[in-house]
Structures are given as structure tokens and as C-alpha cells.
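Containing mmCIF, C-alpha atoms (C1' of nucleotides): coords.cif.
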data_query
#
loop_
_atom_site.label_atom_id
_atom_site.label_comp_id
_atom_site.auth_asym_id
_atom_site.auth_seq_id
_atom_site.Cartn_x
_atom_site.Cartn_y
_atom_site.Cartn_z
CA MET V 66 -0.18 -24.99 43.02
CA SER V 67 -3.73 -25.00 41.75
CA LYS V 68 -5.54 -21.69 41.84
CA PRO V 69 -9.15 -21.76 42.95
CA SER V 70 -10.88 -23.51 40.07
CA THR V 71 -14.05 -21.68 41.00
CA PRO V 72 -14.10 -18.01 41.92
CA ARG V 73 -15.08 -16.85 45.37
CA PRO V 74 -18.88 -16.64 45.42
CA THR V 75 -20.33 -13.17 45.87
CA ASP V 76 -23.00 -12.42 48.46
CA ALA V 77 -25.93 -13.02 46.16
CA GLU V 78 -24.31 -16.13 44.80
CA LEU V 79 -23.77 -17.48 48.26
CA ALA V 80 -27.41 -16.89 49.07
CA ILE V 81 -28.34 -19.05 46.10
CA LEU V 82 -25.81 -21.71 46.97
CA ARG V 83 -27.28 -21.90 50.46
CA VAL V 84 -30.65 -22.68 48.93
CA LEU V 85 -29.18 -25.36 46.70
CA TRP V 86 -27.29 -26.96 49.55
CA GLU V 87 -30.38 -27.10 51.66
CA ARG V 88 -32.85 -28.17 49.03
CA GLY V 89 -30.60 -30.17 46.79
CA GLN V 90 -30.88 -29.69 43.05
CA SER V 91 -33.57 -27.19 42.21
CA THR V 92 -35.25 -25.30 39.44
CA VAL V 93 -35.09 -21.56 39.07
CA ARG V 94 -38.61 -21.33 40.37
CA GLN V 95 -37.74 -23.23 43.51
CA VAL V 96 -34.66 -21.15 44.13
CA HIS V 97 -36.59 -18.00 43.54
CA ASP V 98 -39.35 -18.99 45.91
CA ALA V 99 -36.88 -19.81 48.63
CA LEU V 100 -35.01 -16.56 48.17
CA SER V 101 -38.19 -14.52 48.08
CA ARG V 102 -39.18 -15.79 51.46
CA GLU V 103 -36.23 -13.87 52.83
CA ARG V 104 -36.25 -10.96 50.44
CA PRO V 105 -38.66 -10.47 47.55
CA THR V 106 -36.97 -10.25 44.17
CA ALA V 107 -37.96 -10.80 40.59
CA TYR V 108 -37.96 -14.27 39.12
CA THR V 109 -35.53 -13.21 36.43
CA THR V 110 -33.03 -12.13 39.03
CA ALA V 111 -32.66 -15.68 40.24
CA LEU V 112 -32.60 -16.88 36.67
CA LYS V 113 -29.90 -14.50 35.57
CA MET V 114 -27.89 -15.27 38.65
CA LEU V 115 -28.01 -18.98 38.00
CA GLN V 116 -27.03 -18.44 34.40
CA ILE V 117 -24.00 -16.45 35.46
CA MET V 118 -23.11 -18.97 38.12
CA THR V 119 -23.25 -21.67 35.49
CA GLU V 120 -20.75 -19.75 33.38
CA LYS V 121 -18.50 -19.31 36.36
CA GLY V 122 -18.73 -22.97 37.20
CA LEU V 123 -20.31 -22.44 40.58
CA VAL V 124 -23.31 -24.57 39.66
CA ARG V 125 -24.04 -27.26 37.15
CA ARG V 126 -27.11 -27.14 34.95
CA ASP V 127 -29.17 -29.98 33.59
CA ASP V 128 -31.02 -28.58 30.61
CA SER V 129 -32.29 -31.83 29.18
CA ASP V 130 -35.77 -30.83 30.17
CA ARG V 131 -37.35 -27.57 29.25
CA THR V 132 -37.25 -26.54 32.87
CA HIS V 133 -33.59 -26.57 33.79
CA VAL V 134 -32.35 -28.03 37.03
CA TYR V 135 -29.39 -26.61 38.90
CA GLN V 136 -27.09 -28.11 41.48
CA PRO V 137 -24.10 -26.77 43.34
CA ARG V 138 -20.78 -27.79 41.88
CA LEU V 139 -18.92 -27.74 45.19
CA SER V 140 -20.25 -29.08 48.46
CA GLU V 141 -21.08 -26.75 51.28
CA GLU V 142 -18.01 -27.96 53.15
CA GLN V 143 -15.70 -27.46 50.21
CA THR V 144 -16.96 -23.96 49.73
CA GLN V 145 -16.71 -23.17 53.40
CA ARG V 146 -13.16 -24.39 53.46
CA GLN V 147 -12.33 -22.29 50.45
CA LEU V 148 -13.85 -19.22 52.05
CA VAL V 149 -12.02 -19.78 55.29
CA ARG V 150 -8.74 -20.19 53.51
CA ASP V 151 -9.42 -17.06 51.56
CA LEU V 152 -10.19 -15.07 54.68
CA LEU V 153 -7.14 -16.56 56.35
CA ASP V 154 -4.97 -15.20 53.57
CA ARG V 155 -6.64 -11.85 53.24
CA ALA V 156 -7.01 -10.87 56.86
CA PHE V 157 -5.20 -13.26 59.18
CA GLY V 158 -1.78 -13.66 57.66
CA GLY V 159 -2.54 -17.35 57.38
CA SER V 160 -2.81 -17.84 61.12
CA ALA V 161 -5.62 -20.28 61.79
CA SER V 162 -5.34 -19.83 65.53
CA LYS V 163 -5.99 -16.12 65.26
CA LEU V 164 -9.06 -16.87 63.21
CA VAL V 165 -10.31 -19.36 65.74
CA MET V 166 -9.69 -16.85 68.47
CA GLN V 167 -11.92 -14.34 66.77
CA ALA V 168 -14.53 -16.97 66.12
CA LEU V 169 -14.58 -17.66 69.82
CA ALA V 170 -14.84 -13.98 70.60
CA THR V 171 -18.19 -14.08 68.90
CA LYS V 172 -21.22 -14.26 71.11
CA ARG V 173 -22.49 -17.05 68.97
CA ALA V 174 -19.87 -19.38 70.31
CA SER V 175 -22.09 -21.04 72.87
CA ALA V 176 -21.00 -23.45 75.54
CA GLU V 177 -22.15 -26.39 73.48
CA GLU V 178 -20.17 -25.12 70.55
CA LEU V 179 -17.04 -24.84 72.63
CA THR V 180 -17.46 -28.40 73.75
CA GLU V 181 -17.94 -29.43 70.18
CA ILE V 182 -14.83 -27.57 69.12
CA ARG V 183 -12.73 -29.10 71.83
CA ARG V 184 -13.83 -32.51 70.69
CA LEU V 185 -12.78 -31.63 67.18
CA ILE V 186 -9.32 -30.69 68.25
CA ASP V 187 -8.87 -33.68 70.50
CA GLY V 188 -10.02 -35.82 67.65
CA ARG V 189 -7.24 -34.79 65.38
CA ASP V 190 -4.50 -33.42 67.51
CA GLY V 191 -1.32 -32.38 65.80
CA ARG V 192 -1.62 -35.20 63.37
CA GLU V 193 -2.41 -35.18 59.79
CA VAL V 194 -4.88 -33.23 57.90
CA ARG V 195 -6.70 -35.25 55.37
CA ASP V 196 -5.90 -34.46 51.82
CA ASP V 197 -8.06 -31.72 50.49
CA ARG V 198 -8.85 -30.56 47.05
CA ASP V 199 -10.87 -27.42 46.51
CA MET S 87 -29.04 -3.58 67.53
CA SER S 88 -26.15 -1.70 66.01
CA LYS S 89 -25.40 -2.33 62.40
CA PRO S 90 -21.75 -2.41 61.38
CA SER S 91 -20.70 1.19 61.80
CA THR S 92 -18.01 0.61 59.19
CA PRO S 93 -18.65 -1.35 56.03
CA ARG S 94 -16.89 -4.60 55.31
CA PRO S 95 -13.54 -3.71 53.76
CA THR S 96 -13.02 -4.79 50.19
CA ASP S 97 -9.94 -6.67 49.05
CA ALA S 98 -7.95 -3.61 48.10
CA GLU S 99 -9.03 -1.85 51.25
CA LEU S 100 -7.93 -4.77 53.35
CA ALA S 101 -4.54 -4.72 51.69
CA ILE S 102 -4.15 -1.10 52.72
CA LEU S 103 -5.37 -1.75 56.24
CA ARG S 104 -2.79 -4.50 56.56
CA VAL S 105 -0.09 -1.98 55.77
CA LEU S 106 -1.44 0.50 58.30
CA TRP S 107 -1.73 -2.14 61.00
CA GLU S 108 1.83 -3.22 60.43
CA ARG S 109 3.43 0.18 60.00
CA GLY S 110 1.16 2.24 62.18
CA GLN S 111 -0.02 5.60 60.89
CA SER S 112 1.43 6.32 57.49
CA THR S 113 1.45 8.73 54.61
CA VAL S 114 0.12 7.89 51.18
CA ARG S 115 3.66 7.56 49.96
CA GLN S 116 4.52 5.03 52.63
CA VAL S 117 1.40 3.02 51.98
CA HIS S 118 2.05 3.11 48.28
CA ASP S 119 5.64 1.96 48.68
CA ALA S 120 4.59 -0.93 50.86
CA LEU S 121 1.85 -2.00 48.47
CA SER S 122 4.11 -1.69 45.46
CA ARG S 123 6.54 -4.16 46.92
CA GLU S 124 3.85 -6.76 46.51
CA ARG S 125 2.21 -5.46 43.38
CA PRO S 126 3.23 -2.34 41.48
CA THR S 127 0.49 0.25 41.23
CA ALA S 128 0.27 3.96 40.65
CA TYR S 129 0.69 6.38 43.53
CA THR S 130 -2.71 7.87 42.88
CA THR S 131 -4.34 4.49 43.32
CA ALA S 132 -3.26 4.38 46.93
CA LEU S 133 -4.24 8.02 47.34
CA LYS S 134 -7.72 7.56 45.92
CA MET S 135 -8.21 4.44 47.96
CA LEU S 136 -7.30 6.21 51.17
CA GLN S 137 -9.59 9.09 50.30
CA ILE S 138 -12.48 6.71 49.78
CA MET S 139 -11.65 4.81 52.93
CA THR S 140 -11.71 8.08 54.81
CA GLU S 141 -15.20 8.78 53.54
CA LYS S 142 -16.29 5.30 54.53
CA GLY S 143 -14.81 5.72 57.96
CA LEU S 144 -12.34 2.88 57.59
CA VAL S 145 -9.40 5.15 58.27
CA ARG S 146 -8.87 8.46 59.96
CA ARG S 147 -6.91 11.25 58.34
CA ASP S 148 -4.75 13.90 59.90
CA ASP S 149 -4.51 16.68 57.37
CA SER S 150 -2.98 19.32 59.58
CA ASP S 151 0.23 19.01 57.61
CA ARG S 152 0.43 19.27 53.89
CA THR S 153 1.30 15.61 53.73
CA HIS S 154 -1.65 13.83 55.25
CA VAL S 155 -1.25 10.99 57.66
CA TYR S 156 -3.64 8.06 57.82
CA GLN S 157 -4.39 5.55 60.52
CA PRO S 158 -6.80 2.65 60.74
CA ARG S 159 -9.99 3.44 62.56
CA LEU S 160 -10.54 -0.10 63.84
CA SER S 161 -7.86 -2.35 65.22
CA GLU S 162 -6.77 -5.43 63.38
CA GLU S 163 -8.55 -7.58 65.94
CA GLN S 164 -11.80 -5.65 65.71
CA THR S 165 -11.76 -5.93 61.96
CA GLN S 166 -10.93 -9.60 62.06
CA ARG S 167 -13.78 -10.24 64.44
CA GLN S 168 -16.13 -8.33 62.20
CA LEU S 169 -15.03 -10.32 59.19
CA VAL S 170 -15.39 -13.60 60.99
CA ARG S 171 -18.85 -12.72 62.16
CA ASP S 172 -19.76 -11.71 58.67
CA LEU S 173 -18.51 -14.96 57.20
CA LEU S 174 -20.27 -16.85 59.94
CA ASP S 175 -23.56 -15.31 58.89
CA ARG S 176 -23.07 -15.57 55.18
CA ALA S 177 -21.72 -19.07 54.89
CA PHE S 178 -21.90 -20.97 58.16
CA GLY S 179 -25.40 -20.36 59.40
CA GLY S 180 -23.83 -18.79 62.47
CA SER S 181 -22.17 -22.00 63.57
CA ALA S 182 -18.77 -21.14 64.96
CA SER S 183 -17.85 -24.77 65.41
CA LYS S 184 -18.32 -25.46 61.71
CA LEU S 185 -16.08 -22.54 60.93
CA VAL S 186 -13.43 -23.78 63.28
CA MET S 187 -13.69 -27.20 61.74
CA GLN S 188 -12.94 -25.81 58.32
CA ALA S 189 -10.13 -23.72 59.70
CA LEU S 190 -8.63 -26.89 61.07
CA ALA S 191 -9.06 -28.64 57.75
CA THR S 192 -6.62 -26.15 56.34
CA LYS S 193 -3.08 -27.29 55.91
CA ARG S 194 -1.93 -24.16 57.66
CA ALA S 195 -3.28 -25.42 60.94
CA SER S 196 0.03 -26.67 62.25
CA ALA S 197 0.58 -28.68 65.40
CA GLU S 198 1.67 -25.58 67.27
CA GLU S 199 -1.46 -23.81 66.19
CA LEU S 200 -3.60 -26.62 67.45
CA THR S 201 -1.91 -26.41 70.81
CA GLU S 202 -2.46 -22.71 70.84
CA ILE S 203 -6.09 -23.13 69.98
CA ARG S 204 -6.66 -25.68 72.69
CA ARG S 205 -5.17 -23.28 75.18
CA LEU S 206 -7.59 -20.64 74.01
CA ILE S 207 -10.57 -22.82 74.56
CA ASP S 208 -9.44 -24.06 77.93
CA GLY S 209 -8.87 -20.48 78.87
CA ARG S 210 -12.42 -19.42 78.39
CA ASP S 211 -14.64 -22.43 78.51
CA GLY S 212 -18.35 -21.86 78.31
CA ARG S 213 -18.14 -18.62 80.21
CA GLU S 214 -18.77 -15.23 78.95
CA VAL S 215 -17.21 -13.48 76.13
CA ARG S 216 -15.81 -10.12 76.96
CA ASP S 217 -17.96 -7.29 75.83
CA ASP S 218 -17.28 -6.33 72.29
CA ARG S 219 -18.14 -3.35 70.27
CA ASP S 220 -17.44 -3.37 66.56
"C1'" DC I 298 -57.79 -21.74 17.58
"C1'" DG I 299 -56.55 -17.77 20.50
"C1'" DA I 300 -55.24 -16.39 25.03
"C1'" DT I 301 -52.86 -17.16 29.09
"C1'" DT I 302 -49.09 -19.11 31.63
"C1'" DG I 303 -44.31 -20.58 32.47
"C1'" DC I 304 -39.92 -20.88 30.80
"C1'" DT I 305 -35.11 -19.22 28.96
"C1'" DA I 306 -32.39 -15.71 26.93
"C1'" DC I 307 -30.90 -11.19 26.51
"C1'" DG I 308 -29.91 -6.32 27.18
"C1'" DA I 309 -29.39 -2.71 29.94
"C1'" DA I 310 -29.54 0.30 33.99
"C1'" DG I 311 -27.49 1.68 38.22
"C1'" DG I 312 -24.33 0.63 41.60
"C1'" DT I 313 -19.66 -0.39 43.45
"C1'" DC I 314 -14.56 -1.32 42.94
"C1'" DT I 315 -10.12 -0.43 41.29
"C1'" DT I 316 -7.18 1.78 38.51
"C1'" DC I 317 -4.99 5.66 36.52
"C1'" DG I 318 -4.15 10.38 34.06
"C1'" DT I 319 -4.47 15.14 34.65
"C1'" DT I 320 -4.64 19.39 37.11
"C1'" DG I 321 -3.42 22.87 40.25
"C1'" DA I 322 -1.16 24.10 44.63
"C1'" DC I 323 2.88 24.32 46.97
"C1'" DA I 324 7.82 23.49 48.10
"C1'" DA I 325 12.56 22.74 47.21
"C1'" DT I 326 16.28 23.50 44.46
"C1'" DA I 327 19.23 25.06 40.81
"C1'" DT O 31 13.43 33.44 39.72
"C1'" DA O 32 12.61 29.42 36.83
"C1'" DT O 33 12.49 24.59 36.99
"C1'" DT O 34 11.67 20.39 39.06
"C1'" DG O 35 9.44 17.44 42.36
"C1'" DT O 36 5.70 16.23 45.63
"C1'" DC O 37 1.21 16.43 47.07
"C1'" DA O 38 -4.14 16.24 47.20
"C1'" DA O 39 -8.19 16.31 44.40
"C1'" DC O 40 -10.92 15.02 40.70
"C1'" DG O 41 -12.87 12.73 36.86
"C1'" DA O 42 -13.34 8.99 34.29
"C1'" DA O 43 -12.62 4.41 32.32
"C1'" DG O 44 -13.38 -0.47 32.62
"C1'" DA O 45 -14.58 -4.27 35.22
"C1'" DC O 46 -17.79 -6.55 37.93
"C1'" DC O 47 -22.48 -7.16 40.61
"C1'" DT O 48 -27.28 -7.13 41.09
"C1'" DT O 49 -31.50 -6.11 39.54
"C1'" DC O 50 -35.17 -6.09 36.36
"C1'" DG O 51 -37.99 -5.46 31.88
"C1'" DT O 52 -38.79 -7.33 27.54
"C1'" DA O 53 -38.90 -10.74 23.97
"C1'" DG O 54 -39.52 -15.17 22.08
"C1'" DC O 55 -41.02 -19.79 22.49
"C1'" DA O 56 -43.54 -23.91 24.29
"C1'" DA O 57 -47.34 -25.84 26.66
"C1'" DT O 58 -51.77 -25.56 28.40
"C1'" DC O 59 -56.44 -23.89 28.96
"C1'" DG O 60 -60.95 -21.99 27.61
#
Step by step, read the file and then write its structure as C-alpha cells.
Amino acid sequence: MSKPSTPRPTDAELAILRVLWERGQSTVRQVHDALSRERPTAYTTALKMLQIMTEKGLVRRDDSDRTHVYQPRLSEEQTQRQLVRDLLDRAFGGSASKLVMQALATKRASAEELTEIRRLIDGRDGREVRDDRD
Amino acid sequence: MSKPSTPRPTDAELAILRVLWERGQSTVRQVHDALSRERPTAYTTALKMLQIMTEKGLVRRDDSDRTHVYQPRLSEEQTQRQLVRDLLDRAFGGSASKLVMQALATKRASAEELTEIRRLIDGRDGREVRDDRD
DNA sequence: CGATTGCTACGAAGGTCTTCGTTGACAATA
DNA sequence: TATTGTCAACGAAGACCTTCGTAGCAATCG
């Protein structure tokens, strides 16, 4: 039950969401500046993007002031979970262990990360998964 | 070094790859039949898709017979790893442990899966990841 | 006041994705 | 042989995605 209330963010949308998660609520200018540090684009690109994302429900807009302020509608964790679930369905036949296996096969999985992961698993063993809404 | 030799498969492409991974090398007809069980589409949709995927290098085509035969160019595991790495970069800041955490937060992570995952980690501890080419 | 600056809105271009109809070649069959 | 069926190849439509230029409006500066 319950289809994803918000659509899967595209690449450019995700880039913007990353900015909003890091900075907290921001103006178009602020988003644009942050994005441009990585890759120079026009101001109106960020603007248009945020407008579209507002329509899609990916961000919320406060337009009480002349300069609008945007904030992400879902937390970083919620979005990450949604993306993982999506990938799980699309490419892993729903098998979380296979996904974890591939995550571990990544060079990025450092020793510290493995320790961290083990702690995670020990922490919640077979037992229940907290209720999640996405 | 080395940018992804093959592009990230799109949704429809992934659906076709799933068929090829499961069935092994297949004709357009066979792919189409398998896809249509899930969601009815025209034969030429599968055909066009496979033609495009051939151009992109996602599949390999044997056209020695009149009826061409297609096979995936990368294994399921290679593709999965590529997708995980991609998601890691786009949405997790490269943190594998965060990704695993979200995978575990999924209902699908059953008790058996957790056991399986723990075995994986114990199996390879901090040590090195086998060489991987994608 | 007039000019410049900063903002939103809008339209549109150029790209990719997915879908399908049509065409022409070839094969199988009546 | 004439018809029917199967196949690959296009082309093109319609939907998104991403990017930007332009326009219109408010505020601010000289």
C-alpha cells in the first residue's frame, strides 16, 4: 500500500537536495552558489529546478517574503531509504543482503566502515524494524 | 581513472537485463514474451530497446542468424556493483555504512538476511576487496 | 527621477527515454 | 506460386530532464 508520495529525485534534483540537507533551508541564490562551486550553471537553472521540485513536492517553498526560501520535504534519511528500496526492487530482486554484499565490494568500504556496519547489525539483530513511512 | 565503460542502465533497460540474466542469451521474441508477462508492450518496443542497448554496449548481439540473439555484456553482479557505487556517490556521500543502514531499515531485511549479511562481513573483515573492474 | 540590481515567472531549445506503427526482406505454408 | 507470418530497421511521437534567455517587477543607488 502507499505508492511513493514523492517521485524519485533525478540527478540534478538530488544535487539540489544535497545542498538543502547540508545548508538547511536556503534561497535560490544560496543553492545556486553552492551548486556553482561544483559546476558553474546559470542562476535561472537552479530557480527553475526548485520551481519544478516544488510542483513535484520534493521541496517546500516559503514565499511570504519576496525572496523565497526552500527546504527539503523529506529528510536525507527518508530519501536515502526510498532510493535504496527503489534500487532493491529494480536491480536486486528485493534482496537486501545482495545489495549489502555489493556495497562491501566497493573500495570505499573501509575497515572503519565495516566495524560500523557490524555494530549496526549487532544492534538490531533479527528483531524488529522500526515503523517507517516514506 | 576509468569512467564507467557502460552507461547506467535506465529503468526499461534494467528490466530487459533482468530477463537476460535470468534466461541467459535470448531472442527479441523471448525477451518480449518475458516482459509482456509483467506488462504488455509491443514487440517492436523490445526490439528497439535491444538495438539501442547494443549501441550503448549494454548487450552484445549475435546476428549471424536471421533471428538475432542477445546477451548481457556485464554480469548481474557487475551491474549491481556499478549501481550501488553510483547511488553511493549520488546520495550517500560515498558512505557505504549509511547505505547499509538504510538497507537494513527496509522491511525486506529479514532475520535470515541479517544472518547472511553478518557472515559476509565476518568473511572479509577490514581486509582487501578483490580487484574489480566494471 | 532614471538606472542598475536582484528577484520570480515563463517559454523554449536540445537532449534522452520509451513507446509504437510502418516498411521491406525473407521464410514457411497453403 | 500466392498468401501469411516473422523478423530487423527506421522514423517519429510524446513524455520527461536540464539548461538558459528574456521579460516583468520591486528595491535600491546615484
Worksheet item: Taking only C-alpha atoms into account, what are the residues of chain V at most 8 Å from chain S, put as number ranges by chain?
Response: V: 76, 79-80, 83, 142, 145-146, 149-150, 155-157, 159-162, 164-179, 181-183, 185-186, 190-192, 194-195, 197
With chain I as the partner and 9 Å as the cut-off, tabulate the residues of chain V that qualify, each row holding the nearest pair of atoms and their distance in Å to one decimal, using all atoms listed in the file, sorted by chain and rising number, as CSV.
residue,atom,partner,partner_atom,distance
V:Leu112,CA,I:DT305,C1',8.4
V:Arg131,CA,I:DC304,C1',7.3
V:Thr132,CA,I:DC304,C1',6.6
V:His133,CA,I:DT305,C1',8.9
If you keep C-alpha atoms, can you produce a file of those selected residues as a PDB file, keeping the file's coordinate frame?
ATOM      1  CA  LEU V 112     -32.600 -16.880  36.670  1.00  0.00           C
ATOM      2  CA  ARG V 131     -37.350 -27.570  29.250  1.00  0.00           C
ATOM      3  CA  THR V 132     -37.250 -26.540  32.870  1.00  0.00           C
ATOM      4  CA  HIS V 133     -33.590 -26.570  33.790  1.00  0.00           C
TER       5      HIS V 133
END
Item to complete: Measure the distance from CA of Val84 (chain V) to C1' of DT49 (chain O) in Å and round it to one decimal.
Response: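 It comes out at 19.1 Å.
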Worksheet item: What are the residues of chain V that have an atom within 8 Å of an atom of chain O, counting all atoms listed in the file, as a ChimeraX atom specification?
Response: /V:77,107,109-110
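A straight line drawn from CA of Arg205 (chain S) to CA of Arg184 (chain V) is 13.4 Å long.
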Fill in: Pairwise distance for CA of Arg94 (chain V) and CA of Val134 (chain V), rounded to one decimal in Å
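Straight-line distance from CA of Arg94 (chain V) to CA of Val134 (chain V) works out to 9.8 Å.
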Item to complete: Evaluate the PyMOL selection byres ((chain V and resi 98) around 12) here and jot the selected residues down as an NGL selection string.
Response: :V and (81 or 84 or 88 or 91-97 or 99-112)
Output as a CSV table (one decimal), in the coordinates of the input: region 150-169 of chain V, completed with N, CA and C atoms.
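Everything below was put into part_22.csv:
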chain,number,residue,atom,x,y,z
V,150,ARG,N,-10.1,-20.3,53.9
V,150,ARG,CA,-8.7,-20.2,53.5
V,150,ARG,C,-8.5,-18.8,52.9
V,151,ASP,N,-9.5,-18.4,52.2
V,151,ASP,CA,-9.4,-17.1,51.6
V,151,ASP,C,-9.3,-16.0,52.6
V,152,LEU,N,-10.2,-16.1,53.6
V,152,LEU,CA,-10.2,-15.1,54.7
V,152,LEU,C,-8.9,-15.1,55.5
V,153,LEU,N,-8.4,-16.3,55.7
V,153,LEU,CA,-7.1,-16.6,56.4
V,153,LEU,C,-6.0,-15.8,55.6
V,154,ASP,N,-6.0,-15.9,54.3
V,154,ASP,CA,-5.0,-15.2,53.6
V,154,ASP,C,-5.2,-13.7,53.6
V,155,ARG,N,-6.4,-13.3,53.4
V,155,ARG,CA,-6.6,-11.8,53.2
V,155,ARG,C,-6.5,-11.1,54.5
V,156,ALA,N,-6.9,-11.7,55.6
V,156,ALA,CA,-7.0,-10.9,56.9
V,156,ALA,C,-6.3,-11.4,58.1
V,157,PHE,N,-5.8,-12.7,58.0
V,157,PHE,CA,-5.2,-13.3,59.2
V,157,PHE,C,-3.8,-13.7,59.0
V,158,GLY,N,-3.2,-13.3,57.9
V,158,GLY,CA,-1.8,-13.7,57.7
V,158,GLY,C,-1.6,-15.2,57.7
V,159,GLY,N,-2.6,-15.9,57.4
V,159,GLY,CA,-2.5,-17.4,57.4
V,159,GLY,C,-2.6,-18.0,58.7
V,160,SER,N,-2.8,-17.3,59.8
V,160,SER,CA,-2.8,-17.8,61.1
V,160,SER,C,-4.2,-18.4,61.5
V,161,ALA,N,-4.3,-19.7,61.5
V,161,ALA,CA,-5.6,-20.3,61.8
V,161,ALA,C,-6.0,-20.0,63.2
V,162,SER,N,-5.0,-20.0,64.1
V,162,SER,CA,-5.3,-19.8,65.5
V,162,SER,C,-5.9,-18.4,65.8
V,163,LYS,N,-5.4,-17.4,65.1
V,163,LYS,CA,-6.0,-16.1,65.3
V,163,LYS,C,-7.5,-16.1,64.8
V,164,LEU,N,-7.7,-16.8,63.7
V,164,LEU,CA,-9.1,-16.9,63.2
V,164,LEU,C,-10.0,-17.6,64.2
V,165,VAL,N,-9.5,-18.6,64.8
V,165,VAL,CA,-10.3,-19.4,65.7
V,165,VAL,C,-10.6,-18.5,67.0
V,166,MET,N,-9.5,-17.7,67.3
V,166,MET,CA,-9.7,-16.8,68.5
V,166,MET,C,-10.8,-15.9,68.2
V,167,GLN,N,-10.9,-15.3,67.1
V,167,GLN,CA,-11.9,-14.3,66.8
V,167,GLN,C,-13.3,-15.0,66.7
V,168,ALA,N,-13.3,-16.2,66.2
V,168,ALA,CA,-14.5,-17.0,66.1
V,168,ALA,C,-15.1,-17.2,67.5
V,169,LEU,N,-14.2,-17.4,68.4
V,169,LEU,CA,-14.6,-17.7,69.8
V,169,LEU,C,-15.0,-16.4,70.5
